[in-house]
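Coordinates as given in query32.txt (compact mmCIF, C-alpha atoms):
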```
# COMPACT_ATOMS: atom_id res chain seq x y z
CA MET A 1 73.19 102.17 37.43
CA THR A 2 74.12 103.92 40.66
CA MET A 3 76.53 106.74 39.98
CA ARG A 4 79.21 107.37 42.58
CA ILE A 5 80.62 110.87 43.07
CA ASP A 6 83.50 111.60 45.44
CA ILE A 7 84.27 115.21 46.34
CA ALA A 8 87.72 116.03 47.73
CA THR A 9 87.46 119.28 49.66
CA LEU A 10 88.71 121.27 52.62
CA PHE A 11 85.08 121.88 53.61
CA PRO A 12 83.12 118.60 53.52
CA GLU A 13 80.48 119.93 55.94
CA MET A 14 79.67 122.72 53.47
CA CYS A 15 79.10 120.14 50.73
CA GLU A 16 77.12 117.79 52.98
CA ALA A 17 74.81 120.63 54.02
CA VAL A 18 73.75 121.15 50.40
CA LEU A 19 73.84 117.52 49.24
CA GLY A 20 71.72 116.32 52.15
CA GLU A 21 68.75 118.42 51.10
CA SER A 22 66.08 118.37 48.41
CA ILE A 23 65.82 115.67 45.78
CA ILE A 24 69.55 114.90 45.85
CA GLY A 25 69.38 114.26 49.59
CA ARG A 26 66.39 111.97 49.13
CA ALA A 27 68.16 110.08 46.31
CA ARG A 28 71.19 109.60 48.57
CA LYS A 29 69.03 108.29 51.42
CA ALA A 30 67.32 105.88 49.01
CA VAL A 31 70.80 104.78 47.81
CA LYS A 32 69.96 105.74 44.23
CA LEU A 33 72.88 108.13 44.15
CA GLU A 34 76.16 107.67 46.01
CA ILE A 35 77.99 110.86 46.99
CA HIS A 36 80.91 110.97 49.43
CA CYS A 37 82.73 114.06 50.68
CA HIS A 38 86.36 113.65 51.76
CA ASN A 39 88.29 116.11 53.88
CA ILE A 40 91.69 116.55 52.23
CA ARG A 41 93.13 117.58 55.61
CA ASP A 42 92.56 114.00 56.83
CA TYR A 43 95.33 112.95 54.41
CA SER A 44 97.86 115.55 55.52
CA ARG A 45 101.10 114.18 56.92
CA ASP A 46 101.64 117.37 58.90
CA LYS A 47 100.77 117.29 62.62
CA HIS A 48 98.84 120.56 62.13
CA ARG A 49 96.95 119.08 59.13
CA ARG A 50 98.35 121.76 56.81
CA VAL A 51 97.59 121.30 53.13
CA ASP A 52 99.06 124.49 51.70
CA ASP A 53 102.63 125.21 50.63
CA THR A 54 104.63 127.62 48.52
CA PRO A 55 104.67 126.76 44.81
CA TYR A 56 107.23 124.14 43.80
CA GLY A 57 109.77 126.04 41.70
CA GLY A 58 108.73 129.45 43.06
CA GLY A 59 105.86 131.81 42.35
CA LYS A 60 103.34 133.91 44.22
CA GLY A 61 100.73 132.76 46.73
CA MET A 62 100.14 129.35 48.20
CA LEU A 63 99.10 126.11 46.53
CA MET A 64 97.43 122.99 47.83
CA GLN A 65 100.07 120.33 48.48
CA THR A 66 100.37 117.31 46.22
CA MET A 67 100.51 114.49 48.79
CA PRO A 68 97.24 115.06 50.71
CA ILE A 69 95.33 115.29 47.42
CA TYR A 70 97.06 112.28 45.94
CA ASP A 71 96.62 110.23 49.12
CA CYS A 72 92.90 111.09 49.21
CA PHE A 73 92.57 110.04 45.57
CA GLU A 74 94.46 106.79 46.20
CA ALA A 75 92.27 105.99 49.21
CA VAL A 76 89.12 106.40 47.12
CA CYS A 77 90.58 104.22 44.36
CA ALA A 78 91.52 101.52 46.88
CA MET A 79 88.10 101.67 48.52
CA THR A 80 86.18 101.39 45.24
CA LYS A 81 88.73 99.31 43.32
CA THR A 82 88.23 101.65 40.36
CA ARG A 83 89.92 104.68 38.90
CA PRO A 84 87.29 107.42 38.70
CA HIS A 85 87.08 110.16 36.11
CA VAL A 86 88.82 113.10 37.84
CA ILE A 87 87.59 116.67 37.49
CA TYR A 88 89.36 119.71 38.92
CA MET A 89 87.06 122.70 39.36
CA SER A 90 89.06 125.64 38.02
CA PRO A 91 88.31 129.06 36.50
CA LYS A 92 90.85 128.07 33.81
CA GLY A 93 88.88 124.96 32.82
CA GLN A 94 86.47 124.18 30.01
CA PRO A 95 83.17 126.03 30.56
CA PHE A 96 80.48 123.78 32.03
CA CYS A 97 77.35 123.40 29.93
CA GLN A 98 74.43 121.01 29.54
CA GLN A 99 76.26 119.03 26.86
CA LYS A 100 79.18 118.45 29.26
CA ALA A 101 76.70 117.33 31.93
CA LEU A 102 75.26 114.80 29.48
CA GLU A 103 78.78 113.49 28.80
CA LEU A 104 79.62 113.24 32.51
CA ARG A 105 76.48 111.27 33.35
CA GLU A 106 77.96 108.38 31.34
CA HIS A 107 80.71 107.89 33.94
CA GLU A 108 79.92 105.44 36.72
CA HIS A 109 82.38 107.12 39.08
CA ILE A 110 83.50 110.75 39.24
CA PHE A 111 86.06 112.28 41.62
CA ILE A 112 85.82 116.08 41.94
CA LEU A 113 88.74 118.05 43.35
CA CYS A 114 87.93 121.41 44.92
CA GLY A 115 90.89 123.75 44.85
CA HIS A 116 91.78 126.62 47.20
CA TYR A 117 94.43 129.30 47.57
CA GLU A 118 96.10 129.91 44.18
CA GLY A 119 95.13 126.40 43.08
CA VAL A 120 96.74 122.99 43.29
CA ASP A 121 100.28 121.87 42.59
CA GLN A 122 100.74 121.27 38.84
CA ARG A 123 101.91 117.73 39.55
CA VAL A 124 98.39 116.85 40.73
CA LEU A 125 96.95 118.13 37.45
CA ASP A 126 99.54 116.18 35.46
CA GLU A 127 99.17 112.92 37.37
CA ILE A 128 95.51 112.40 38.23
CA VAL A 129 93.24 115.06 36.68
CA ASP A 130 91.39 114.08 33.51
CA GLU A 131 89.81 117.46 32.88
CA GLU A 132 89.41 120.93 34.34
CA ILE A 133 85.93 122.44 34.37
CA SER A 134 84.88 126.03 35.05
CA LEU A 135 81.48 127.44 35.95
CA GLY A 136 82.42 130.80 34.53
CA ASP A 137 85.03 133.45 34.02
CA TYR A 138 85.32 134.54 37.64
CA VAL A 139 87.13 133.45 40.78
CA LEU A 140 85.45 132.06 43.89
CA THR A 141 86.91 131.29 47.30
CA GLY A 142 87.16 127.60 46.45
CA GLY A 143 85.87 124.84 44.24
CA GLU A 144 83.00 123.72 46.47
CA LEU A 145 80.22 125.86 44.99
CA PRO A 146 81.13 124.91 41.40
CA ALA A 147 81.43 121.25 42.42
CA LEU A 148 77.98 121.34 44.03
CA ALA A 149 76.46 122.92 40.91
CA LEU A 150 78.09 120.26 38.74
CA VAL A 151 76.88 117.43 41.02
CA ASP A 152 73.34 118.82 41.05
CA CYS A 153 73.21 119.13 37.27
CA VAL A 154 74.81 115.77 36.43
CA SER A 155 72.95 113.74 39.05
CA ARG A 156 69.60 114.95 37.75
CA LEU A 157 70.46 113.44 34.37
CA VAL A 158 71.31 109.96 35.64
CA PRO A 159 68.39 107.53 35.38
CA HIS A 160 67.58 105.98 38.75
CA LYS A 161 65.21 103.03 38.65
CA GLY A 162 62.31 103.56 41.00
CA PHE A 163 63.27 107.14 41.85
CA GLU A 164 62.48 109.91 39.40
CA LEU A 165 65.45 112.24 39.40
CA VAL A 166 65.72 112.69 35.64
CA VAL A 167 64.59 115.91 34.03
CA SER A 168 64.55 116.59 30.33
CA ALA A 169 67.81 117.90 28.93
```
Can you turn what I pasted into structure tokens?
Amino acid sequence: MTMRIDIATLFPEMCEAVLGESIIGRARKAVKLEIHCHNIRDYSRDKHRRVDDTPYGGGKGMLMQTMPIYDCFEAVCAMTKTRPHVIYMSPKGQPFCQQKALELREHEHIFILCGHYEGVDQRVLDEIVDEEISLGDYVLTGGELPALALVDCVSRLVPHKGFELVVSA
């Protein structure tokens, strides 16, 4: 089984820099692990590629807009002809642990959404997100670092024929 992981982010280069190195980078090059990083700004309908907006219904701060995220998700679904398991990296989510990693490795396709600002529009969470996962009770600049930790942990648990990536759990 080749697991596919799609990461929707505002900083795909940041993710690629990490995922192109070490054993994960070698597994990607050997096509034993499929990881794609998508720039959410590429799906913005704004000429300035804006992805932030004031909260729908009021509130403080800025949120990531619904449409660029949804359009990115739809493009991945159309490309793969599947609906992936969608994870939103959030400090409000279920704490990530080894047992959760073992559960996630059973999915053939995972789509990870990296939030920014005050988060994402609630409509995104209601419409496409299957679960919210947190790396801990603290706030980071965005969801990229937690997403990369999750990808590293889960991908090491997926058996890859002819390429030893698996470590004992």
So that each row is one residue of segment 103-152 of chain A with an atom at most 12 Å from segment 61-84 of chain A, can you give its shortest atom pair and the distance in Å to one decimal, using all atoms listed in the file, rows by chain and rising number, as CSV?
```
residue,atom,partner,partner_atom,distance
A:Leu104,CA,A:Pro84,CA,11.4
A:Glu106,CA,A:Pro84,CA,11.9
A:His107,CA,A:Pro84,CA,8.1
A:Glu108,CA,A:Pro84,CA,7.9
A:His109,CA,A:Pro84,CA,4.9
A:Ile110,CA,A:Pro84,CA,5.1
A:Phe111,CA,A:Pro84,CA,5.8
A:Ile112,CA,A:Pro84,CA,9.4
A:Leu113,CA,A:Ile69,CA,8.2
A:Cys114,CA,A:Ile69,CA,9.9
A:Gly115,CA,A:Met64,CA,7.2
A:His116,CA,A:Met64,CA,6.7
A:Tyr117,CA,A:Met62,CA,5.7
A:Glu118,CA,A:Leu63,CA,5.4
A:Gly119,CA,A:Leu63,CA,5.3
A:Val120,CA,A:Met64,CA,4.6
A:Asp121,CA,A:Thr66,CA,5.8
A:Gln122,CA,A:Thr66,CA,8.4
A:Arg123,CA,A:Thr66,CA,6.9
A:Val124,CA,A:Thr66,CA,5.9
A:Leu125,CA,A:Thr66,CA,9.4
A:Asp126,CA,A:Thr66,CA,10.9
A:Glu127,CA,A:Tyr70,CA,8.8
A:Ile128,CA,A:Tyr70,CA,7.9
A:Val129,CA,A:Pro84,CA,9.9
A:Asp130,CA,A:Pro84,CA,9.4
A:Glu131,CA,A:Pro84,CA,11.9
A:Gly142,CA,A:Met64,CA,11.3
```
Those selected residues, please, written with C-alpha atoms and delivered as a compact mmCIF listing (two decimals), keeping the file's coordinate frame.
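Produced file out-v3.txt, reproduced below:
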```txt
# COMPACT_ATOMS: atom_id res chain seq x y z
CA LEU A 104 79.62 113.24 32.51
CA GLU A 106 77.96 108.38 31.34
CA HIS A 107 80.71 107.89 33.94
CA GLU A 108 79.92 105.44 36.72
CA HIS A 109 82.38 107.12 39.08
CA ILE A 110 83.50 110.75 39.24
CA PHE A 111 86.06 112.28 41.62
CA ILE A 112 85.82 116.08 41.94
CA LEU A 113 88.74 118.05 43.35
CA CYS A 114 87.93 121.41 44.92
CA GLY A 115 90.89 123.75 44.85
CA HIS A 116 91.78 126.62 47.20
CA TYR A 117 94.43 129.30 47.57
CA GLU A 118 96.10 129.91 44.18
CA GLY A 119 95.13 126.40 43.08
CA VAL A 120 96.74 122.99 43.29
CA ASP A 121 100.28 121.87 42.59
CA GLN A 122 100.74 121.27 38.84
CA ARG A 123 101.91 117.73 39.55
CA VAL A 124 98.39 116.85 40.73
CA LEU A 125 96.95 118.13 37.45
CA ASP A 126 99.54 116.18 35.46
CA GLU A 127 99.17 112.92 37.37
CA ILE A 128 95.51 112.40 38.23
CA VAL A 129 93.24 115.06 36.68
CA ASP A 130 91.39 114.08 33.51
CA GLU A 131 89.81 117.46 32.88
CA GLY A 142 87.16 127.60 46.45
```
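Environment of (75.5, 120.4, 51.3): residues at most 12 Å away, judged by only C-alpha atoms, are Ile7, Phe11, Pro12, Glu13, Met14, Cys15, Glu16, Ala17, Val18, Leu19, Gly20, Glu21, Ser22, Ile24, Gly25, Arg28, Ile35, His36, Cys37, Glu144, Leu145, Ala147, Leu148, Ala149, Val151 and Asp152 of chain A.
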With 10 Å as the threshold, what does the neighbourhood of (80.9, 118.2, 31.5) contain in terms of residues, counting only C-alpha atoms? Coordinates are those of the file; answer as number ranges by chain. A: 87, 94-105, 131-134, 150, 153-154
Distance atom CA of Ser155 of chain A-atom CA of Asp42 of chain A, one decimal place? 26.5 Å
To one decimal place in Å, what is the distance between atom CA of Arg26 of chain A and atom CA of Tyr43 of chain A? 29.4 Å
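Taking atom CA of Leu140 of chain A as the reference point, atom CA of Ser90 of chain A is found at 9.4 Å.
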Quick one: residues within 7 Å of Thr2 of chain A, all atoms listed in the file, excluding same-chain residues fewer than 2 positions away - as a PyMOL selection string? chain A and resi 4+32-34
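Among the candidates A:Gly143, A:Val31, A:Lys92, A:Arg45, the one nearest to Ala8 of chain A when counting all atoms listed in the file is A:Gly143.
Checking A:Asn39, A:Asp46, A:Arg156, A:Pro146 one by one against Pro91 of chain A, counting all atoms listed in the file, you find the shortest gap at A:Pro146.
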Only N, CA and C atoms, as an mmCIF file, in the first residue's frame: that is what I want for segment 77-104 of chain A.
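Below you can see decode15.cif, which holds the result:
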```
data_model
loop_
_atom_site.group_PDB
_atom_site.id
_atom_site.type_symbol
_atom_site.label_atom_id
_atom_site.label_comp_id
_atom_site.auth_asym_id
_atom_site.auth_seq_id
_atom_site.Cartn_x
_atom_site.Cartn_y
_atom_site.Cartn_z
ATOM 1 N N CYS A 77 -9.524 16.005 -4.430
ATOM 2 C CA CYS A 77 -10.509 14.929 -4.613
ATOM 3 C C CYS A 77 -10.687 14.587 -6.087
ATOM 4 N N ALA A 78 -10.753 15.592 -6.941
ATOM 5 C CA ALA A 78 -10.918 15.369 -8.377
ATOM 6 C C ALA A 78 -9.684 14.685 -8.966
ATOM 7 N N MET A 79 -8.525 15.095 -8.516
ATOM 8 C CA MET A 79 -7.269 14.543 -9.014
ATOM 9 C C MET A 79 -7.118 13.068 -8.626
ATOM 10 N N THR A 80 -7.511 12.735 -7.409
ATOM 11 C CA THR A 80 -7.313 11.371 -6.905
ATOM 12 C C THR A 80 -8.554 10.494 -7.052
ATOM 13 N N LYS A 81 -9.676 11.123 -7.350
ATOM 14 C CA LYS A 81 -10.959 10.419 -7.463
ATOM 15 C C LYS A 81 -11.325 9.694 -6.161
ATOM 16 N N THR A 82 -10.888 10.274 -5.053
ATOM 17 C CA THR A 82 -11.224 9.752 -3.722
ATOM 18 C C THR A 82 -11.541 10.918 -2.804
ATOM 19 N N ARG A 83 -12.202 10.596 -1.699
ATOM 20 C CA ARG A 83 -12.393 11.585 -0.648
ATOM 21 C C ARG A 83 -11.473 11.194 0.500
ATOM 22 N N PRO A 84 -10.422 11.974 0.728
ATOM 23 C CA PRO A 84 -9.477 11.618 1.787
ATOM 24 C C PRO A 84 -10.046 11.857 3.183
ATOM 25 N N HIS A 85 -9.387 11.284 4.161
ATOM 26 C CA HIS A 85 -9.684 11.557 5.565
ATOM 27 C C HIS A 85 -9.074 12.927 5.857
ATOM 28 N N VAL A 86 -9.877 13.880 6.325
ATOM 29 C CA VAL A 86 -9.416 15.261 6.481
ATOM 30 C C VAL A 86 -9.139 15.585 7.942
ATOM 31 N N ILE A 87 -7.929 16.082 8.177
ATOM 32 C CA ILE A 87 -7.478 16.467 9.512
ATOM 33 C C ILE A 87 -7.176 17.957 9.506
ATOM 34 N N TYR A 88 -7.687 18.659 10.499
ATOM 35 C CA TYR A 88 -7.344 20.063 10.699
ATOM 36 C C TYR A 88 -6.450 20.134 11.927
ATOM 37 N N MET A 89 -5.247 20.658 11.762
ATOM 38 C CA MET A 89 -4.324 20.807 12.877
ATOM 39 C C MET A 89 -4.757 22.023 13.692
ATOM 40 N N SER A 90 -5.138 21.782 14.951
ATOM 41 C CA SER A 90 -5.716 22.836 15.778
ATOM 42 C C SER A 90 -5.356 22.611 17.243
ATOM 43 N N PRO A 91 -5.024 23.691 17.976
ATOM 44 C CA PRO A 91 -4.765 23.517 19.408
ATOM 45 C C PRO A 91 -6.014 23.069 20.170
ATOM 46 N N LYS A 92 -7.177 23.165 19.539
ATOM 47 C CA LYS A 92 -8.431 22.738 20.177
ATOM 48 C C LYS A 92 -8.739 21.266 19.909
ATOM 49 N N GLY A 93 -7.929 20.611 19.079
ATOM 50 C CA GLY A 93 -8.217 19.244 18.667
ATOM 51 C C GLY A 93 -7.849 18.192 19.689
ATOM 52 N N GLN A 94 -8.130 16.946 19.326
ATOM 53 C CA GLN A 94 -7.780 15.788 20.144
ATOM 54 C C GLN A 94 -6.255 15.697 20.214
ATOM 55 N N PRO A 95 -5.684 15.476 21.384
ATOM 56 C CA PRO A 95 -4.224 15.371 21.484
ATOM 57 C C PRO A 95 -3.684 14.204 20.654
ATOM 58 N N PHE A 96 -2.627 14.468 19.922
ATOM 59 C CA PHE A 96 -1.990 13.445 19.092
ATOM 60 C C PHE A 96 -1.157 12.528 19.968
ATOM 61 N N CYS A 97 -1.271 11.235 19.721
ATOM 62 C CA CYS A 97 -0.502 10.246 20.466
ATOM 63 C C CYS A 97 -0.185 9.075 19.536
ATOM 64 N N GLN A 98 0.611 8.141 20.020
ATOM 65 C CA GLN A 98 1.004 7.003 19.198
ATOM 66 C C GLN A 98 -0.207 6.173 18.775
ATOM 67 N N GLN A 99 -1.186 6.028 19.643
ATOM 68 C CA GLN A 99 -2.383 5.263 19.285
ATOM 69 C C GLN A 99 -3.119 5.924 18.114
ATOM 70 N N LYS A 100 -3.203 7.247 18.113
ATOM 71 C CA LYS A 100 -3.846 7.966 17.006
ATOM 72 C C LYS A 100 -3.037 7.760 15.722
ATOM 73 N N ALA A 101 -1.713 7.771 15.824
ATOM 74 C CA ALA A 101 -0.870 7.528 14.658
ATOM 75 C C ALA A 101 -1.145 6.142 14.078
ATOM 76 N N LEU A 102 -1.299 5.160 14.939
ATOM 77 C CA LEU A 102 -1.606 3.801 14.487
ATOM 78 C C LEU A 102 -2.957 3.753 13.770
ATOM 79 N N GLU A 103 -3.922 4.509 14.265
ATOM 80 C CA GLU A 103 -5.240 4.574 13.616
ATOM 81 C C GLU A 103 -5.133 5.260 12.248
ATOM 82 N N LEU A 104 -4.376 6.338 12.180
ATOM 83 C CA LEU A 104 -4.259 7.099 10.928
ATOM 84 C C LEU A 104 -3.526 6.328 9.843
#
```
